[in-house]
Amino acid sequence: EGLGDHHRHERGGPTHGASAPRPTPVFRHLWPHQQHPRRAPRQRADRGSSKATRGARPSQRPPHRHMRHVAAPTLRRVRLSGELALVTGSTSGIGKAIAIEFAAQGAKVVVHGRDAERGAAVTGLIGGAGGDATFIAADLAGEAACTQLVADAVAALGGLTVLVNNAVAGVVDGGDAAVADMTTSAWDATLRVNVTAPMWLSRAAIPNMRAAGHGSIINTASRQGERPSAGLSAYATSKGALNALTRAIAVEEAPHGIRCTTISPGYVVNQRRDA
């Protein structure tokens, strides 16, 4: 049974003879360059084209009659206008860059850290460029401190729609080690700041995001969460756990219009660690 007979049989027509119409090719309504998916379109000569367009470059020729003109999308100059952001660990490194860029894009930002002098330097940079930033100090090793940080940020900003969990412990503080040499205190301290604190902060931030009707939680993980290096067992474990926390929050809060995502940078020079 040939291909044509097979189609005629499926369409309820006779299985023999040439009287039944052949089925319409599925590629008839596709774009010209898609009509033969198994081979590249043939290069045809400019037969039928006018002398004015014959020999012209493709970009100079008039558009194909089947092609529609689609205007290029326009982006807002200030993409984060109206957003209220708390960026933890933002007095240096990645967090500092995030806070500065958020403010440059129109967001009101709370800069967080433990060093008031460095915090003032970051808010000064943002304010000098015309941005809006406030510094709040907090130690993220405690549950009450995390809850209070969110409350203070909400009071300073008038709400909260963006939370960046960027603060980190372990690899920067030099408290990490191989599992064979790991101490319980170092392990607990690393996971408390890198995993448990983001949970505390997210838990406190989510009601404010739900009230706003939207929100975004961004967790700074690391490639170490997928491909650990020797001697960074606590840090790598914490970043792997942070990836799992991100997925859990994303599933739970999607119905409320809240996104939760992870960024996983490679090696970044740190002022404290690499000085």
# chains A, B, ... in the order shown; residues from 1 in each chain; ligands from 1
>>> residues_around(residues="Gly128 in chain A", least_positions_apart="5", cutoff="12 Å", atoms="only C-alpha atoms", output="list in words")
Ile100, Ala103, Ala104, Ala120, Ala121, Val122, Thr123 and Ala133 of chain A
>>> residues_around(residues="Gly175 in chain A", least_positions_apart="5", cutoff="10 Å", atoms="only C-alpha atoms", output="list in words")
Ala169, Gly170, Met182, Thr183, Ser185, Ala186, Trp187, Ala189, Thr190, Leu232, Ala234 and Tyr235 of chain A
>>> atom_distance(atom1="CA of Ile94 in chain A", atom2="CA of Asn208 in chain A")
25.0 Å
>>> residues_around(residues="Glu143 in chain A", least_positions_apart="6", cutoff="10 Å", atoms="only C-alpha atoms", output="PDB file with C-alpha atoms, in the first residue's frame")
ATOM      1  CA  LEU A 149      15.179  43.349  59.152  1.00  0.00           C
ATOM      2  CA  ARG A 192      22.273  29.040  59.272  1.00  0.00           C
ATOM      3  CA  THR A 196      18.038  29.089  57.176  1.00  0.00           C
ATOM      4  CA  ALA A 197      18.285  32.892  57.055  1.00  0.00           C
ATOM      5  CA  MET A 199      13.975  30.929  54.706  1.00  0.00           C
ATOM      6  CA  TRP A 200      13.365  33.313  57.635  1.00  0.00           C
ATOM      7  CA  LEU A 201      13.619  36.361  55.388  1.00  0.00           C
TER       8      LEU A 201
END
>>> closest_residue(among="A:Thr88, A:Asn166, A:Thr237, A:Asn243", to="Thr220 in chain A", atoms="only C-alpha atoms")
A:Asn166
>>> atom_distance(atom1="CA of Ala156 in chain A", atom2="CA of Arg259 in chain A")
22.8 Å
>>> closest_residue(among="A:Pro207, A:Gly159, A:Gly225, A:Gly106", to="Gly130 in chain A", atoms="only C-alpha atoms")
A:Gly106
>>> closest_residue(among="A:Ile126, A:Ile258, A:Ala144, A:Ala99", to="Gly215 in chain A", atoms="only C-alpha atoms")
A:Ile258
>>> atom_distance(atom1="CA of Glu226 in chain A", atom2="CA of Lys239 in chain A")
8.3 Å
